[in-house]
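Novice: Dropping in protein_4.txt, with compact mmCIF, C-alpha atoms and all ligand atoms.
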# COMPACT_ATOMS: atom_id res chain seq x y z
CA MET A 1 -7.96 3.72 -30.33
CA SER A 2 -6.48 3.76 -26.81
CA GLY A 3 -5.86 6.98 -24.92
CA ARG A 4 -2.99 8.03 -22.74
CA LEU A 5 -1.95 7.16 -19.19
CA VAL A 6 0.45 9.29 -17.16
CA ILE A 7 1.57 8.29 -13.69
CA VAL A 8 2.33 11.48 -11.79
CA GLY A 9 4.20 12.20 -8.55
CA LEU A 10 2.83 15.28 -6.77
CA GLY A 11 5.88 15.90 -4.56
CA PRO A 12 5.85 16.16 -0.75
CA GLY A 13 3.12 18.79 -0.42
CA ARG A 14 4.06 22.36 -1.32
CA ALA A 15 2.80 23.49 -4.73
CA GLY A 16 6.24 24.79 -5.73
CA LEU A 17 7.66 21.28 -5.44
CA VAL A 18 5.40 19.84 -8.17
CA ALA A 19 7.39 19.42 -11.40
CA PRO A 20 6.22 21.55 -14.34
CA ASP A 21 5.87 18.35 -16.40
CA ALA A 22 3.53 16.95 -13.74
CA GLU A 23 1.41 20.13 -13.83
CA ALA A 24 1.16 19.91 -17.61
CA ALA A 25 0.15 16.23 -17.48
CA LEU A 26 -2.55 16.97 -14.88
CA ALA A 27 -3.92 19.84 -16.95
CA ALA A 28 -4.14 17.63 -20.04
CA ALA A 29 -5.93 14.69 -18.37
CA SER A 30 -9.62 13.90 -18.81
CA ASP A 31 -9.66 11.60 -15.75
CA LEU A 32 -7.75 11.83 -12.46
CA ILE A 33 -7.35 8.69 -10.36
CA GLY A 34 -5.88 8.45 -6.86
CA TYR A 35 -6.27 8.46 -3.13
CA GLY A 36 -8.80 11.19 -2.21
CA PRO A 37 -6.47 13.46 -0.16
CA TYR A 38 -3.96 13.48 -3.03
CA LEU A 39 -6.63 14.43 -5.57
CA ASP A 40 -7.63 17.27 -3.22
CA ARG A 41 -4.19 18.82 -3.81
CA ILE A 42 -4.92 19.27 -7.53
CA ALA A 43 -6.66 22.39 -8.86
CA ALA A 44 -10.20 21.70 -10.07
CA ARG A 45 -10.67 21.94 -13.84
CA PRO A 46 -13.92 21.80 -15.76
CA HIS A 47 -14.61 18.66 -17.86
CA GLN A 48 -12.25 16.58 -15.71
CA THR A 49 -13.58 13.49 -13.91
CA ARG A 50 -12.11 12.55 -10.52
CA HIS A 51 -12.05 8.95 -9.33
CA ALA A 52 -11.10 9.07 -5.63
CA SER A 53 -10.41 5.79 -3.90
CA ASP A 54 -9.21 4.32 -0.66
CA ASN A 55 -5.46 4.13 -0.18
CA ARG A 56 -5.45 0.32 0.10
CA GLU A 57 -7.05 -0.44 -3.27
CA GLU A 58 -3.92 0.11 -5.34
CA ILE A 59 -4.11 -2.76 -7.84
CA GLU A 60 -7.84 -2.27 -8.39
CA ARG A 61 -7.23 1.45 -8.99
CA ALA A 62 -4.40 0.62 -11.41
CA ARG A 63 -6.64 -1.75 -13.40
CA HIS A 64 -9.33 0.91 -13.54
CA ALA A 65 -6.80 3.43 -14.90
CA LEU A 66 -5.55 1.01 -17.59
CA ALA A 67 -9.11 0.12 -18.61
CA LEU A 68 -10.07 3.80 -18.92
CA CYS A 69 -6.96 4.41 -21.01
CA ALA A 70 -7.86 1.45 -23.24
CA SER A 71 -11.27 3.02 -23.80
CA GLY A 72 -9.64 6.18 -25.17
CA ARG A 73 -9.51 8.45 -22.09
CA SER A 74 -6.52 10.58 -21.12
CA VAL A 75 -5.85 9.37 -17.59
CA ALA A 76 -3.54 10.68 -14.84
CA VAL A 77 -2.85 8.40 -11.88
CA VAL A 78 -1.49 10.41 -8.96
CA SER A 79 0.71 9.56 -5.98
CA SER A 80 2.39 11.76 -3.41
CA GLY A 81 6.13 12.28 -3.63
CA ASP A 82 7.51 10.21 -6.48
CA ALA A 83 5.03 7.76 -8.02
CA GLY A 84 7.72 5.10 -8.24
CA VAL A 85 8.64 5.12 -4.52
CA PHE A 86 6.25 2.94 -2.48
CA ALA A 87 3.43 4.20 -4.68
CA MET A 88 1.19 3.73 -7.73
CA ALA A 89 3.68 3.25 -10.57
CA SER A 90 4.53 -0.33 -9.56
CA ALA A 91 0.84 -1.15 -9.12
CA VAL A 92 0.12 0.05 -12.68
CA PHE A 93 2.89 -2.06 -14.16
CA GLU A 94 1.87 -5.07 -12.07
CA ALA A 95 -1.70 -4.71 -13.39
CA MET A 96 -0.39 -4.21 -16.94
CA GLU A 97 1.66 -7.43 -16.81
CA ALA A 98 -1.31 -9.42 -15.46
CA GLY A 99 -3.84 -7.83 -17.83
CA PRO A 100 -4.79 -8.11 -21.53
CA LEU A 101 -1.86 -7.98 -24.00
CA ALA A 102 -3.34 -4.81 -25.56
CA TRP A 103 -2.51 -2.92 -22.34
CA ARG A 104 1.21 -3.36 -23.10
CA THR A 105 1.13 -1.25 -26.25
CA MET A 106 -0.71 1.75 -24.80
CA ASP A 107 0.85 5.17 -24.32
CA VAL A 108 2.01 5.00 -20.67
CA THR A 109 4.43 7.53 -19.13
CA VAL A 110 5.80 8.07 -15.63
CA ILE A 111 6.54 11.64 -14.51
CA PRO A 112 9.02 11.85 -11.64
CA GLY A 113 8.31 13.71 -8.42
CA ILE A 114 10.25 14.81 -5.35
CA SER A 115 10.10 11.92 -2.91
CA ALA A 116 9.66 12.56 0.83
CA MET A 117 13.24 11.41 1.53
CA LEU A 118 14.66 14.04 -0.84
CA ALA A 119 12.48 16.81 0.57
CA ALA A 120 13.38 15.81 4.15
CA SER A 121 17.06 15.55 3.28
CA ALA A 122 17.07 19.03 1.73
CA ARG A 123 15.23 20.44 4.76
CA LEU A 124 17.94 19.09 7.10
CA GLY A 125 21.08 19.75 5.06
CA ALA A 126 22.58 16.68 3.42
CA PRO A 127 21.98 13.50 5.47
CA LEU A 128 21.69 11.41 2.28
CA GLY A 129 25.06 12.66 1.02
CA HIS A 130 26.66 9.22 1.09
CA ASP A 131 25.32 5.65 0.61
CA PHE A 132 21.73 5.25 1.75
CA CYS A 133 18.66 3.07 1.34
CA ALA A 134 14.90 3.45 1.66
CA ILE A 135 12.77 0.94 3.56
CA SER A 136 9.01 0.92 4.07
CA LEU A 137 8.01 -0.22 7.55
CA SER A 138 4.55 -1.16 6.33
CA ASP A 139 3.89 -4.85 6.72
CA ASN A 140 0.72 -4.78 4.63
CA LEU A 141 2.63 -5.97 1.58
CA LYS A 142 5.56 -7.90 3.12
CA PRO A 143 6.10 -9.88 6.33
CA TRP A 144 7.42 -8.01 9.38
CA PRO A 145 10.38 -10.43 9.92
CA LEU A 146 11.60 -9.43 6.43
CA VAL A 147 11.45 -5.74 7.42
CA CYS A 148 13.56 -6.52 10.53
CA HIS A 149 16.03 -8.56 8.47
CA ARG A 150 16.53 -5.67 6.01
CA LEU A 151 16.89 -3.11 8.83
CA ARG A 152 19.56 -5.23 10.50
CA LEU A 153 21.54 -5.76 7.29
CA ALA A 154 21.26 -2.10 6.24
CA ALA A 155 22.56 -1.06 9.67
CA GLN A 156 25.43 -3.55 9.41
CA ALA A 157 26.27 -2.21 5.95
CA GLY A 158 26.50 1.36 7.26
CA PHE A 159 23.68 2.83 5.13
CA VAL A 160 21.80 5.94 6.13
CA MET A 161 18.14 4.84 6.11
CA ALA A 162 14.99 6.62 5.03
CA LEU A 163 12.09 4.84 6.72
CA TYR A 164 8.72 5.35 5.00
CA ASN A 165 5.32 4.43 6.48
CA ALA A 166 7.01 4.66 9.84
CA ARG A 167 3.83 4.54 11.85
CA SER A 168 0.18 3.78 11.36
CA LYS A 169 -2.83 3.48 13.62
CA ALA A 170 -3.02 -0.23 12.88
CA ARG A 171 0.63 -0.81 13.85
CA PRO A 172 1.48 1.56 16.71
CA ASN A 173 4.42 -0.50 18.03
CA ARG A 174 6.28 -1.28 14.81
CA LEU A 175 8.54 1.77 14.89
CA GLY A 176 9.60 1.01 18.48
CA ASP A 177 10.37 -2.55 17.43
CA ALA A 178 12.40 -1.23 14.47
CA PHE A 179 14.43 1.05 16.79
CA ASP A 180 15.16 -1.98 19.01
CA VAL A 181 16.47 -3.92 15.99
CA LEU A 182 18.70 -0.97 15.00
CA ARG A 183 19.95 -0.47 18.59
CA GLY A 184 21.25 -4.04 18.44
CA VAL A 185 23.66 -2.99 15.65
CA LEU A 186 24.27 0.77 15.68
CA PRO A 187 25.76 3.05 18.35
CA GLY A 188 23.10 4.88 20.37
CA SER A 189 24.67 8.18 19.27
CA VAL A 190 23.60 8.00 15.58
CA PRO A 191 21.19 10.81 14.71
CA VAL A 192 17.53 9.98 14.19
CA VAL A 193 15.27 12.55 12.56
CA PHE A 194 11.48 12.62 12.59
CA ALA A 195 10.56 14.66 9.52
CA THR A 196 6.80 15.23 9.50
CA ALA A 197 4.65 16.82 6.77
CA ILE A 198 7.75 18.25 5.11
CA SER A 199 7.08 21.31 2.93
CA ARG A 200 3.51 21.66 4.24
CA THR A 201 2.23 24.35 6.60
CA ASP A 202 2.22 21.90 9.53
CA GLU A 203 5.81 20.75 8.89
CA ARG A 204 7.71 19.56 11.95
CA VAL A 205 11.29 18.32 12.42
CA ASP A 206 12.55 16.57 15.58
CA ILE A 207 16.22 15.61 15.82
CA SER A 208 17.14 12.92 18.33
CA THR A 209 19.59 10.05 18.74
CA LEU A 210 18.93 6.36 18.33
CA ALA A 211 19.30 5.90 22.10
CA GLY A 212 16.69 8.55 22.83
CA ALA A 213 14.37 8.17 19.81
CA ALA A 214 10.72 8.20 20.90
CA PRO A 215 8.38 6.42 18.43
CA GLY A 216 5.51 8.68 19.54
CA LEU A 217 7.09 11.53 17.54
CA ALA A 218 6.05 9.80 14.29
CA ASP A 219 2.66 9.71 12.67
CA MET A 220 1.45 8.70 9.20
CA ARG A 221 3.01 11.84 7.67
CA THR A 222 6.48 11.20 9.08
CA LEU A 223 9.63 10.06 7.34
CA VAL A 224 12.19 8.76 9.83
CA LEU A 225 15.84 9.20 8.87
CA ILE A 226 18.39 7.00 10.62
CA GLY A 227 21.90 8.37 10.32
CA SER A 228 24.96 6.23 9.73
CA PRO A 229 27.83 6.36 12.24
CA GLU A 230 29.35 9.06 9.93
CA THR A 231 26.28 11.35 9.91
CA ARG A 232 26.97 14.56 11.86
CA GLN A 233 25.08 17.57 13.15
CA ILE A 234 26.99 20.88 12.98
CA ALA A 235 27.14 22.19 16.55
CA GLY A 236 24.89 25.17 17.15
CA THR A 237 22.84 24.53 14.01
CA GLN A 238 20.04 22.25 12.78
CA PHE A 239 22.23 21.15 9.87
CA LEU A 240 22.83 17.45 9.52
CA TYR A 241 25.07 15.94 6.87
CA THR A 242 26.80 12.73 5.92
CA PRO A 243 30.31 13.34 4.58
CA ARG A 244 31.07 12.32 1.00
CA SER A 245 33.83 9.95 2.04
CA VAL A 246 34.33 7.17 4.56
CA LEU A 247 37.90 6.64 5.71
CA ALA A 248 39.23 3.10 5.39
N1 LIG B 1 5.51 8.06 -3.00
C1 LIG B 1 5.74 8.75 -1.75
C2 LIG B 1 5.74 7.80 -0.57
C3 LIG B 1 4.38 7.16 -0.27
S1 LIG B 1 4.39 6.18 1.16
C4 LIG B 1 7.07 9.52 -1.84
O1 LIG B 1 7.84 9.31 -2.79
O2 LIG B 1 7.32 10.35 -0.97
C5 LIG B 1 3.75 7.33 2.38
C6 LIG B 1 4.84 7.71 3.36
O3 LIG B 1 5.70 8.70 2.77
C7 LIG B 1 4.36 8.38 4.65
O4 LIG B 1 3.95 7.42 5.62
C8 LIG B 1 5.62 9.10 5.09
O5 LIG B 1 6.54 8.19 5.65
C9 LIG B 1 6.20 9.57 3.75
N2 LIG B 1 5.81 10.95 3.40
C10 LIG B 1 5.01 11.33 2.38
N3 LIG B 1 4.94 12.70 2.32
C11 LIG B 1 5.72 13.17 3.32
C12 LIG B 1 6.07 14.48 3.77
N4 LIG B 1 5.61 15.59 3.17
N5 LIG B 1 6.89 14.58 4.84
C13 LIG B 1 7.39 13.48 5.44
N6 LIG B 1 7.10 12.22 5.05
C14 LIG B 1 6.27 12.06 4.01
Mind converting the file's structure to structure tokens?
Ligand code: SAH

Specialist:
Amino acid sequence: MSGRLVIVGLGPGRAGLVAPDAEAALAAASDLIGYGPYLDRIAARPHQTRHASDNREEIERARHALALCASGRSVAVVSSGDAGVFAMASAVFEAMEAGPLAWRTMDVTVIPGISAMLAASARLGAPLGHDFCAISLSDNLKPWPLVCHRLRLAAQAGFVMALYNARSKARPNRLGDAFDVLRGVLPGSVPVVFATAISRTDERVDISTLAGAAPGLADMRTLVLIGSPETRQIAGTQFLYTPRSVLA
């Protein structure tokens, strides 16, 4: 008899931004699986086993979760933000498709969470109020020329962009290179926001323009928002919004 597997998004950081359904799923689990710092955000409960792993071992971690579920455990796999946005949910389904057929008939559920782009957008006002896209700048799982190609096309299409994994120690120059690609298409006046550790105690927000954007303002906890030519800041305030309509 197989158990249960829930894939849970923990939101951007603050406890109040974890969905009640996610809390209930975490409380009901016998085993918690995820990147160590994410597991640290979950209240300790007796009789619960924690399997902390490195952030790069996603598929291996997903297989482990499915195998535990197959053995009858009640497993919660956790991600930050929403588990379906650059996170564990895809890894679990990828492992399911490549694994034994029995894994396809198990009780698997995904619980949505508040993704970093939604938390950052709410913090600023409404920059995602019109058409937008999300792009991960990480080139661990896709080639860097493809990232540049997508950035260029998204800029040409007039999307607001939420850039995840904007900076890492291993790739300190990628964000600067991304800004150069965008400067080739967009006016230097479009707003650029560095939204760091949103909803946590060390939250920080820096508003700049594409012309003046300094990559050093981003770290591994930063979501970078690139405005469209329509995105505006209300003078005298920190509020940024993208109007609901674009005139022909
Ligand atoms: N599943 C997560 C994203 C994981 S990728 C989600 O839906 O939010 C990790 C990246 O998310 C980080 O490099 C950063 O770009 C962004 N991120 C995660 N939490 C954040 C927060 N509280 N504030 C700003 N950006 C955050």

Novice: Given the choices A:Ala87, A:Val190, A:Ala134, A:Ile111, which gets closest to Arg56 in chain A if the distance is worked out from all atoms listed in the file?

Specialist: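 Under the stated criterion, the closest residue is A:Ala87.
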
Novice: Counting all atoms listed in the file, what are the residues, protein, DNA or RNA alike, that approach ligand LIG 1 (chain B) to within 8 Å? I want them as a count of residues only.

Specialist: 41

Novice: In Å, rounded to a single decimal, give me how far CA of Leu118 in chain A is from CA of Ala76 in chain A.

Specialist: 23.2 Å

Novice: Select, from A:Ser228, A:Gln238, A:Ser30, A:Gln48, the residue with the minimum atom-to-atom distance to Cys133 in chain A, counting all atoms listed in the file.

Specialist: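 That would be A:Ser228, the residue with the smallest distance to Cys133 in chain A.
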
Novice: Quick one: distance from CA of Val8 in chain A to CA of Asp40 in chain A in Å, one decimal?

Specialist: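 Going from CA of Val8 in chain A over to CA of Asp40 in chain A, I get 14.4 Å.
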
Novice: Show me, as a list in words, the residues that have an atom within 10 Å of Leu39 in chain A when counting all atoms listed in the file, minus same-chain residues fewer than 4 positions from it.

Specialist: Leu10, Leu32, Ile33, Gly34, Tyr35, Ala43, Ala44, Arg50, His51, Ala52, Ser53, Val77, Val78, Ser79 and Ser80 of chain A

Novice: Pull the neighbourhood of (-1.1, 16.8, -18.8) for me: all residues within 10 Å in file coordinates, counting all atoms listed in the file, as a PDB file with C-alpha atoms, in the coordinates of the input.

Specialist:
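Listed below is the output, part_4.pdb:
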ATOM      1  CA  ARG A   4      -2.990   8.030 -22.740  1.00  0.00           C
ATOM      2  CA  LEU A   5      -1.950   7.160 -19.190  1.00  0.00           C
ATOM      3  CA  VAL A   6       0.450   9.290 -17.160  1.00  0.00           C
ATOM      4  CA  VAL A   8       2.330  11.480 -11.790  1.00  0.00           C
ATOM      5  CA  PRO A  20       6.220  21.550 -14.340  1.00  0.00           C
ATOM      6  CA  ASP A  21       5.870  18.350 -16.400  1.00  0.00           C
ATOM      7  CA  ALA A  22       3.530  16.950 -13.740  1.00  0.00           C
ATOM      8  CA  GLU A  23       1.410  20.130 -13.830  1.00  0.00           C
ATOM      9  CA  ALA A  24       1.160  19.910 -17.610  1.00  0.00           C
ATOM     10  CA  ALA A  25       0.150  16.230 -17.480  1.00  0.00           C
ATOM     11  CA  LEU A  26      -2.550  16.970 -14.880  1.00  0.00           C
ATOM     12  CA  ALA A  27      -3.920  19.840 -16.950  1.00  0.00           C
ATOM     13  CA  ALA A  28      -4.140  17.630 -20.040  1.00  0.00           C
ATOM     14  CA  ALA A  29      -5.930  14.690 -18.370  1.00  0.00           C
ATOM     15  CA  SER A  30      -9.620  13.900 -18.810  1.00  0.00           C
ATOM     16  CA  SER A  74      -6.520  10.580 -21.120  1.00  0.00           C
ATOM     17  CA  VAL A  75      -5.850   9.370 -17.590  1.00  0.00           C
ATOM     18  CA  ALA A  76      -3.540  10.680 -14.840  1.00  0.00           C
TER      19      ALA A  76
END

Novice: For Val246 in chain A, find every residue with an atom within 9 Å (counting all atoms listed in the file), except residues of its own chain fewer than 3 positions away, and show them as an MDAnalysis selection string.

Specialist: chainID A and resid 130 230 243

Novice: I'd like the interatomic distance between CA of Ser138 in chain A and CA of Pro172 in chain A, to a tenth of an Å.

Specialist: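 Separation of CA of Ser138 in chain A and CA of Pro172 in chain A: 11.2 Å.
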
Novice: Out of A:Asp131, A:Glu58, A:Asp177, A:Asp107, which residue has the shortest atom-to-atom distance to Ala95 in chain A when counting all atoms listed in the file?

Specialist: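 For Ala95 in chain A, the nearest of the given residues is A:Glu58.
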